[in-house]
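Asks: Below is the file target04.cif, which contains mmCIF, C-alpha atoms.
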```
data_my_file
#
loop_
_atom_site.label_atom_id
_atom_site.label_comp_id
_atom_site.auth_asym_id
_atom_site.auth_seq_id
_atom_site.Cartn_x
_atom_site.Cartn_y
_atom_site.Cartn_z
CA MET G 1 -11.18 10.58 23.28
CA ASP G 2 -10.41 12.35 20.00
CA LEU G 3 -7.29 10.30 19.26
CA ARG G 4 -6.12 12.49 16.41
CA LYS G 5 -6.37 15.62 18.56
CA HIS G 6 -4.64 13.78 21.40
CA LEU G 7 -1.75 12.92 19.07
CA GLU G 8 -1.37 16.58 18.14
CA VAL G 9 -1.33 17.60 21.81
CA LEU G 10 1.29 14.97 22.63
CA ALA G 11 3.41 16.02 19.66
CA HIS G 12 3.67 19.53 21.19
CA LYS G 13 4.28 18.29 24.74
CA LYS G 14 8.09 18.31 24.47
CA ARG G 15 10.39 18.84 21.50
CA VAL G 16 11.45 15.52 20.01
CA ARG G 17 14.40 14.92 17.66
CA VAL G 18 12.87 13.34 14.57
CA GLY G 19 15.11 12.16 11.75
CA ILE G 20 13.98 11.82 8.14
CA ALA G 21 15.95 10.24 5.29
CA LEU G 22 15.93 12.35 2.12
CA HIS G 23 17.96 12.45 -1.06
CA THR G 24 15.64 14.75 -3.07
CA VAL G 25 13.82 17.71 -1.53
CA THR G 26 10.80 19.26 -3.25
CA PRO G 27 8.90 22.46 -2.30
CA GLY G 28 6.15 20.32 -0.74
CA ILE G 29 8.62 18.40 1.40
CA LYS G 30 10.35 21.63 2.46
CA LEU G 31 6.98 23.02 3.57
CA SER G 32 6.28 19.95 5.72
CA LEU G 33 9.74 20.20 7.29
CA LYS G 34 9.00 23.82 8.17
CA ARG G 35 5.64 22.87 9.71
CA ALA G 36 7.26 20.05 11.70
CA SER G 37 10.01 22.34 13.01
CA GLU G 38 7.35 24.28 14.90
CA PHE G 39 6.92 21.40 17.35
CA CYS G 40 9.96 19.12 16.93
CA GLU G 41 13.66 19.24 16.09
CA VAL G 42 14.01 18.06 12.49
CA VAL G 43 17.15 16.13 11.58
CA VAL G 44 17.66 15.48 7.86
CA ILE G 45 19.60 12.32 7.04
CA GLY G 46 21.18 12.24 3.60
CA LYS G 47 20.79 15.51 1.71
CA LYS G 48 21.78 18.67 3.53
CA VAL G 49 18.87 21.11 3.86
CA GLY G 50 19.53 24.61 5.14
CA GLY G 51 18.15 25.39 8.59
CA TYR G 52 18.06 21.80 9.86
CA LYS G 53 20.52 19.55 11.63
CA HIS G 54 22.15 17.13 9.23
CA ILE G 55 23.50 13.59 9.28
CA PRO G 56 25.40 12.92 6.03
CA ALA G 57 24.56 9.84 3.97
CA THR G 58 24.60 8.77 0.32
CA LYS G 59 21.84 6.99 -1.60
CA ALA G 60 23.97 3.84 -1.31
CA ASN G 61 24.14 3.83 2.51
CA LEU G 62 21.02 5.83 3.40
CA GLU G 63 19.20 2.85 4.97
CA ASN G 64 22.12 1.88 7.21
CA VAL G 65 22.77 5.45 8.33
CA GLU G 66 19.14 6.18 9.20
CA MET G 67 18.77 2.97 11.23
CA LYS G 68 22.04 3.59 13.07
CA ALA G 69 20.78 7.08 13.90
CA VAL G 70 17.59 5.87 15.60
CA ILE G 71 19.04 2.71 17.16
CA GLY G 72 22.05 4.66 18.45
CA GLY G 73 19.93 7.47 19.89
CA LYS G 74 21.07 10.28 17.60
CA VAL G 75 17.36 10.85 16.97
CA ASP G 76 14.39 9.99 19.18
CA ALA G 77 12.28 8.83 16.24
CA LEU G 78 12.79 8.14 12.55
CA ILE G 79 10.69 8.71 9.45
CA ARG G 80 11.96 6.39 6.69
CA GLY G 81 11.43 9.06 4.05
CA GLN G 82 13.00 8.26 0.69
CA ALA G 83 15.06 5.28 1.80
CA ASP G 84 14.16 1.89 0.30
CA ALA G 85 11.55 0.01 2.36
CA PHE G 86 13.03 -3.47 2.06
CA LYS G 87 16.62 -2.33 2.58
CA SER G 88 15.50 -0.33 5.62
CA GLU G 89 13.81 -3.35 7.18
CA ASP G 90 16.89 -5.46 6.47
CA ALA G 91 19.06 -2.83 8.17
CA LEU G 92 16.65 -2.57 11.12
CA ALA G 93 16.69 -6.34 11.65
CA ARG G 94 20.47 -6.60 11.30
CA LEU G 95 21.46 -3.58 13.39
CA GLY G 96 18.67 -3.87 15.96
CA GLY G 97 18.90 -7.62 16.43
CA TYR G 98 15.30 -8.25 15.32
CA ASP G 99 13.79 -11.20 13.51
CA ARG G 100 13.23 -10.00 9.93
CA GLN G 101 10.07 -12.12 9.64
CA ASN G 102 8.50 -10.64 12.75
CA LEU G 103 8.52 -6.90 12.15
CA PRO G 104 4.81 -6.07 12.02
CA MET G 105 3.84 -3.07 9.93
CA LEU G 106 0.96 -1.25 11.61
CA GLN G 107 -0.91 1.95 10.87
CA ILE G 108 -3.06 4.71 12.25
CA MET G 109 -5.90 5.97 10.08
CA ALA G 110 -8.73 8.50 10.18
CA ASP G 111 -11.85 8.55 8.03
CA GLN G 112 -13.64 11.63 6.64
CA PHE G 113 -15.86 11.81 9.74
CA GLY G 114 -12.95 12.05 12.15
CA HIS G 115 -12.94 8.47 13.42
CA THR G 116 -9.32 7.61 14.22
CA PHE G 117 -8.20 4.03 14.71
CA PHE G 118 -5.17 1.74 14.66
CA ALA G 119 -5.06 -1.04 12.11
CA ALA G 120 -3.17 -4.22 11.34
CA SER G 121 -0.83 -4.43 8.39
CA ALA G 122 -1.74 -2.94 5.02
CA THR G 123 1.29 -4.55 3.38
CA HIS G 124 0.15 -6.91 0.61
CA PRO G 125 1.97 -10.13 1.63
CA GLU G 126 1.03 -9.83 5.32
CA ASN G 127 -1.96 -10.51 7.59
CA TRP G 128 -3.19 -13.61 5.74
CA THR G 129 -2.92 -16.13 8.60
CA ILE G 130 -4.21 -16.35 12.15
CA LYS G 131 -0.61 -16.20 13.40
CA SER G 132 0.14 -12.97 11.54
CA LYS G 133 -3.16 -11.39 12.62
CA MET G 134 -2.39 -12.21 16.25
CA MET G 135 1.10 -10.71 15.89
CA HIS G 136 -0.38 -7.44 14.65
CA VAL G 137 -3.22 -7.23 17.16
CA ASP G 138 -0.95 -8.19 20.06
CA ALA G 139 1.44 -5.40 19.07
CA LEU G 140 -1.43 -2.89 18.93
CA ILE G 141 -3.08 -3.73 22.27
CA PRO G 142 -0.33 -2.24 24.52
CA LEU G 143 -0.03 0.76 22.19
CA VAL G 144 -3.75 1.50 22.45
CA LYS G 145 -3.57 1.10 26.23
CA SER G 146 -0.63 3.53 26.38
CA PHE G 147 -2.96 6.25 25.11
CA GLY G 148 -5.42 5.56 27.93
CA LEU G 149 -7.85 3.69 25.68
CA LYS G 150 -9.60 0.39 26.28
CA PRO G 151 -8.88 -1.92 23.32
CA LYS G 152 -11.90 -2.59 21.14
CA ILE G 153 -11.02 -5.01 18.34
CA GLY G 154 -12.80 -5.42 15.04
CA PHE G 155 -12.08 -8.15 12.48
CA ARG G 156 -12.90 -7.80 8.79
CA THR G 157 -13.48 -10.62 6.35
CA LEU G 158 -13.84 -10.95 2.58
CA VAL G 159 -17.36 -12.35 2.80
CA ARG G 160 -20.82 -11.39 4.11
CA PRO G 161 -22.56 -13.81 6.53
CA GLY G 162 -25.07 -14.84 3.87
CA SER G 163 -22.33 -15.67 1.38
CA VAL G 164 -20.35 -18.03 3.61
CA GLY G 165 -19.91 -21.36 1.85
CA LYS G 166 -19.77 -19.99 -1.68
CA ASN G 167 -16.04 -19.25 -1.98
CA PHE G 168 -13.41 -21.31 -0.18
CA LEU G 169 -10.78 -18.56 -0.07
CA PHE G 170 -13.23 -15.96 1.22
CA ASP G 171 -14.59 -18.46 3.76
CA ILE G 172 -11.12 -18.81 5.26
CA THR G 173 -11.16 -15.16 6.30
CA TRP G 174 -14.56 -15.65 7.96
CA GLU G 175 -13.30 -18.68 9.90
CA GLN G 176 -10.20 -16.76 10.99
CA ALA G 177 -12.29 -13.83 12.23
CA GLU G 178 -14.67 -16.07 14.17
CA TYR G 179 -11.75 -17.87 15.83
CA LEU G 180 -9.98 -14.64 16.72
CA VAL G 181 -13.11 -13.03 18.16
CA GLN G 182 -13.41 -15.89 20.64
CA HIS G 183 -9.66 -15.87 21.32
CA TYR G 184 -9.62 -12.21 22.35
CA ARG G 185 -12.93 -12.34 24.19
CA LYS G 186 -11.48 -15.09 26.36
CA LYS G 187 -8.64 -12.70 27.15
CA GLY G 188 -11.19 -10.12 28.32
CA TYR G 189 -11.20 -7.81 25.31
CA GLN G 190 -14.15 -6.51 23.32
CA ALA G 191 -14.00 -8.16 19.92
CA ARG G 192 -16.42 -8.60 17.02
CA ASN G 193 -16.52 -9.94 13.48
CA TYR G 194 -17.70 -7.05 11.29
CA ASN G 195 -17.48 -9.12 8.08
CA ILE G 196 -17.02 -6.69 5.14
CA GLU G 197 -18.56 -3.70 6.97
CA LEU G 198 -15.66 -1.34 7.52
CA GLU G 199 -18.02 1.59 8.03
CA THR G 200 -19.92 -0.25 10.78
CA ALA G 201 -16.72 -1.10 12.62
CA VAL G 202 -15.39 2.46 12.47
CA ALA G 203 -18.73 4.00 13.48
CA ASP G 204 -18.79 1.55 16.40
CA ASN G 205 -15.57 3.21 17.65
CA VAL G 206 -13.33 0.22 17.10
CA ASN G 207 -9.78 1.33 17.90
CA ILE G 208 -8.01 -1.80 16.62
CA LEU G 209 -9.05 -2.95 13.16
CA CYS G 210 -7.69 -6.19 11.73
CA PHE G 211 -8.05 -6.57 7.96
CA ALA G 212 -8.91 -9.82 6.23
CA THR G 213 -5.61 -9.72 4.35
CA GLY G 214 -2.78 -7.31 3.80
CA ALA G 215 -4.17 -6.74 0.33
CA THR G 216 -7.49 -5.37 1.62
CA GLY G 217 -5.63 -3.22 4.11
CA ASN G 218 -3.64 -1.80 1.23
CA VAL G 219 -6.84 -0.97 -0.66
CA VAL G 220 -8.37 0.81 2.34
CA SER G 221 -5.18 2.80 2.95
CA ARG G 222 -5.02 3.98 -0.64
CA ALA G 223 -8.73 4.81 -0.63
CA LEU G 224 -8.32 7.01 2.44
CA LEU G 225 -5.32 8.74 0.92
CA PHE G 226 -6.98 9.53 -2.38
CA LEU G 227 -10.70 9.84 -1.60
CA THR G 228 -10.98 11.66 1.73
CA ARG G 229 -10.97 15.41 2.20
CA ASP G 230 -8.27 15.38 4.87
CA PRO G 231 -6.37 12.09 4.58
CA PHE G 232 -4.58 10.75 7.62
CA VAL G 233 -2.81 7.43 7.05
CA VAL G 234 0.51 6.81 8.79
CA TYR G 235 2.37 3.48 8.88
CA PHE G 236 4.75 2.47 11.64
CA HIS G 237 6.73 -0.52 12.85
CA GLY G 238 5.40 -2.44 15.84
CA GLY G 239 7.13 -4.92 18.10
CA ILE G 240 10.33 -2.84 18.43
CA LYS G 241 11.64 -0.41 21.03
CA GLU G 242 12.51 2.28 18.49
CA THR G 243 9.93 4.67 17.03
CA ILE G 244 10.11 4.19 13.26
CA ILE G 245 7.49 5.72 10.98
CA GLN G 246 7.02 4.35 7.47
CA ASN G 247 5.64 6.01 4.34
CA ASN G 248 5.22 5.93 0.60
CA ARG G 249 8.47 7.09 -1.03
CA THR G 250 6.62 9.48 -3.34
CA LEU G 251 5.05 11.35 -0.40
CA GLN G 252 5.30 15.14 -0.56
CA ASP G 253 3.84 16.09 2.84
CA TYR G 254 5.27 14.46 5.97
CA THR G 255 3.49 16.68 8.51
CA ASN G 256 1.26 13.90 9.91
CA HIS G 257 4.25 11.56 10.09
CA PHE G 258 6.14 14.04 12.27
CA ILE G 259 3.05 14.43 14.48
CA VAL G 260 2.76 10.67 15.02
CA ALA G 261 6.51 10.27 15.57
CA ALA G 262 6.64 13.01 18.21
CA ALA G 263 3.43 11.82 19.88
CA PHE G 264 4.65 8.23 20.11
CA VAL G 265 7.84 9.37 21.86
CA ASN G 266 6.08 11.83 24.16
CA ARG G 267 3.42 9.35 25.28
CA LYS G 268 6.17 7.56 27.26
CA ARG G 269 7.37 10.74 28.95
CA LYS G 270 6.03 12.07 32.21
#
```
As a first step, turn the structure in this file into structure tokens.
Replies:
Amino acid sequence: MDLRKHLEVLAHKKRVRVGIALHTVTPGIKLSLKRASEFCEVVVIGKKVGGYKHIPATKANLENVEMKAVIGGKVDALIRGQADAFKSEDALARLGGYDRQNLPMLQIMADQFGHTFFAASATHPENWTIKSKMMHVDALIPLVKSFGLKPKIGFRTLVRPGSVGKNFLFDITWEQAEYLVQHYRKKGYQARNYNIELETAVADNVNILCFATGATGNVVSRALLFLTRDPFVVYFHGGIKETIIQNNRTLQDYTNHFIVAAAFVNRKRK
């Protein structure tokens, strides 16, 4: 399955109300709103933008208003937009009744050759322990299945096989990967330790990639954004019932974020 193409098809299946929090609108952002309006109903939270439904909010209460909108069903999905990341997560936990420490940040990525895959957190302080890796992978497994795919899990480390034993901190990531491979194989899933070989894992059609640490995930995300011809990197919250898409606050083109938001909602519809 061409997952990226499948997402685009799902996004056009039925019009979805997608909210986005904005306080400053640039020409690039306006263009992406126009593109998104071709397949979904755009709702701007914060600044009023002509031609789109509007939910008023100030910079001071933007995070609370956007989370109330998605939790309360005023929108089917939410793109965080220009709201503050940490304040948004605080509002999500408080208003949605979630544990602030267990809100996994996941992502969907595509390389320059068209390989599309889901990945564990790219947030720097996350994905360092076996517990956090399991939380991310366990949140991705049902998502992958919901697209009709059989989970194929790849674990990355910070060390090659021949270099194990030379750096204690790097060795920890190898030990974690080896443990997790066996853990998920016992559960009946395909799983493999790809050490540092991201390209091998992606070419092997892995659809769940677990990074060695959140820091390495961050590096890969930024590399895809800045070095590929047609970058596709979209972050989203896992482990919650709402569809909430995350992003860099300096982003100027939200088209892919609207596609993922609409597709995630439509995948649950008959």
Asks: Need to verify the contact set: segment 220-234 of chain G, 6 Å, all atoms listed in the file, exclusion of same-chain residues closer than 3 positions in sequence. Can you return it as a PyMOL selection string?
Replies: chain G and resi 107-110+112+217
Asks: Would you kindly return, as a PyMOL selection string, each protein, DNA or RNA residue with an atom no farther than 9 Å from any atom of Leu78 of chain G, considering only C-alpha atoms and excluding same-chain residues fewer than 6 positions away?
Replies: chain G and resi 17-21+66-67+69-70+242-246+258+261
Asks: Sorted by chain and rising residue number, which residues of segment 47-134 of chain G lie within 10 Å of segment 146-157 of chain G, and what are their closest atom pairs and distances in Å to one decimal, counting only C-alpha atoms, as JSON lines?
Replies:
```
{"residue": "G:Phe117", "atom": "CA", "partner": "G:Lys152", "partner_atom": "CA", "distance": 9.9}
{"residue": "G:Phe118", "atom": "CA", "partner": "G:Ile153", "partner_atom": "CA", "distance": 9.7}
{"residue": "G:Ala119", "atom": "CA", "partner": "G:Gly154", "partner_atom": "CA", "distance": 9.4}
{"residue": "G:Ala120", "atom": "CA", "partner": "G:Phe155", "partner_atom": "CA", "distance": 9.8}
{"residue": "G:Lys133", "atom": "CA", "partner": "G:Phe155", "partner_atom": "CA", "distance": 9.5}
```
Asks: Pick the closest to Ile45 of chain G from G:Lys241, G:Lys74, G:Lys87, G:Lys30: which is it, counting all atoms listed in the file?
Replies: G:Lys74
Asks: Quick one: apply the PyMOL selection byres ((chain G and resi 44) around 8) to the file and drop the selected residues here as a list of chain:residue names.
Replies: G:Gly19, G:Ile20, G:Ala21, G:Leu22, G:Val42, G:Val43, G:Ile45, G:Gly46, G:Lys47, G:Lys48, G:Val49, G:Tyr52, G:Lys53, G:His54, G:Ile55
Asks: Enter the distance from atom CA of Arg269 of chain G to atom CA of Asp2 of chain G, in Å, rounded to one decimal.
Replies: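 Spanning atom CA of Arg269 of chain G to atom CA of Asp2 of chain G is a straight-line distance of 20.0 Å.
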Asks: Could you state the separation of atom CA of Leu143 of chain G and atom CA of Gly238 of chain G in Å, given to one decimal place?
Replies: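 Straight-line distance from atom CA of Leu143 of chain G to atom CA of Gly238 of chain G works out to 8.9 Å.
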Asks: Can you work out the spacing between atom CA of Leu140 of chain G and atom CA of Leu209 of chain G in Å, to one decimal?
Replies: 9.6 Å
